[in-house]
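Visitor: Mind looking over this structure? Questions follow.
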Amino acid sequence: MEFPADLGLAVLLSALEALGLVGFWFVEGLKQWAAKGQSVPDPTGRYMLLLSTGSACSAVIAYGLSQADLPIACTVQAVMAALLALLLLLVAGTTWGRRLGRDRRRRRLRQERLRWHASQREGSTPASALVRRRRRRP
């Protein structure tokens, strides 16, 4: 039984892409570990850049392999491109959701703070008058 070069190329390219991705995440993890609890710049932009270029490169490689008439390697690269694009969408969606939640929380806190300041200026609410009376007694 002969081992087809097409299958070997598919395995080799997939292994290289997986090793590159795991290596990148390992380096990012080392950065966080080395910080020892201190703040680390958000790696989301680098993740998105890595995943988008990896997906695009896999798609270009798949196209080249299809032109070279290597169907197994082409299919594997097309699947890798789709998986990297899906992972990119998950990272982008998670980041967008966090940012949306943070912006909503900030907006709500800002509105509460503005309402509280307005109530302190007016002095018409019984709660603010009660607080002022308690402050003056001691």
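Every chain in the structure tokens has a letter given in the order shown (A, B, ...), and although residue numbers restart at 1 in each chain, ligands are simply numbered from 1 in the order shown.
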Need to verify the contact set: A:Phe24, 12 Å, only C-alpha atoms, exclusion of same-chain residues closer than 4 positions in sequence. Can you return it as a ChimeraX atom specification?

Guide: /A:17-20,28-31,43,46-47,49-51,54

Visitor: Convert the current residue selection to file output with C-alpha atoms, as a CSV table (one decimal), in the first residue's frame.

Guide:
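Wrote out.csv, looks like this:
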```csv
chain,number,residue,atom,x,y,z
A,17,GLU,CA,-1.0,25.4,11.5
A,18,ALA,CA,-2.0,23.8,14.7
A,19,LEU,CA,1.5,24.1,16.1
A,20,GLY,CA,1.6,27.8,15.2
A,28,GLU,CA,0.3,34.8,25.3
A,29,GLY,CA,-0.2,32.6,28.4
A,30,LEU,CA,3.4,33.1,29.4
A,31,LYS,CA,3.0,36.9,29.1
A,43,PRO,CA,-4.4,40.2,23.6
A,46,ARG,CA,-3.5,40.0,18.4
A,47,TYR,CA,-5.9,36.9,18.5
A,49,LEU,CA,-5.2,39.3,13.7
A,50,LEU,CA,-3.7,35.8,14.0
A,51,LEU,CA,-7.1,34.1,13.3
A,54,GLY,CA,-4.5,32.2,9.4
```

Visitor: Between atom CA of A:Val60 and atom CA of A:Leu86, measure the distance and give it in Å to one decimal.

Guide: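 Atom-to-atom, atom CA of A:Val60 to atom CA of A:Leu86, that is 16.8 Å.
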
Visitor: Please identify all polymer residues within 12 Å of A:Ala82, counting only C-alpha atoms, omitting same-chain residues fewer than 2 positions from it, and present them as a list in words.

Guide: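 The contact residues come out as Leu51, Ser52, Gly54, Ser55, Ala56, Cys57, Ser58, Ala59, Ala62, Thr75, Val76, Gln77, Ala78, Val79, Met80, Leu84, Ala85, Leu86, Leu87, Leu88 and Leu89 of chain A.
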
Visitor: Provide the atom CA of A:Leu90 to atom CA of A:Thr44 distance in Å, to one decimal place.

Guide: 11.4 Å

Visitor: What does the distance from atom CA of A:Ala73 to atom CA of A:Leu12 come to in Å, to one decimal?

Guide: 9.4 Å
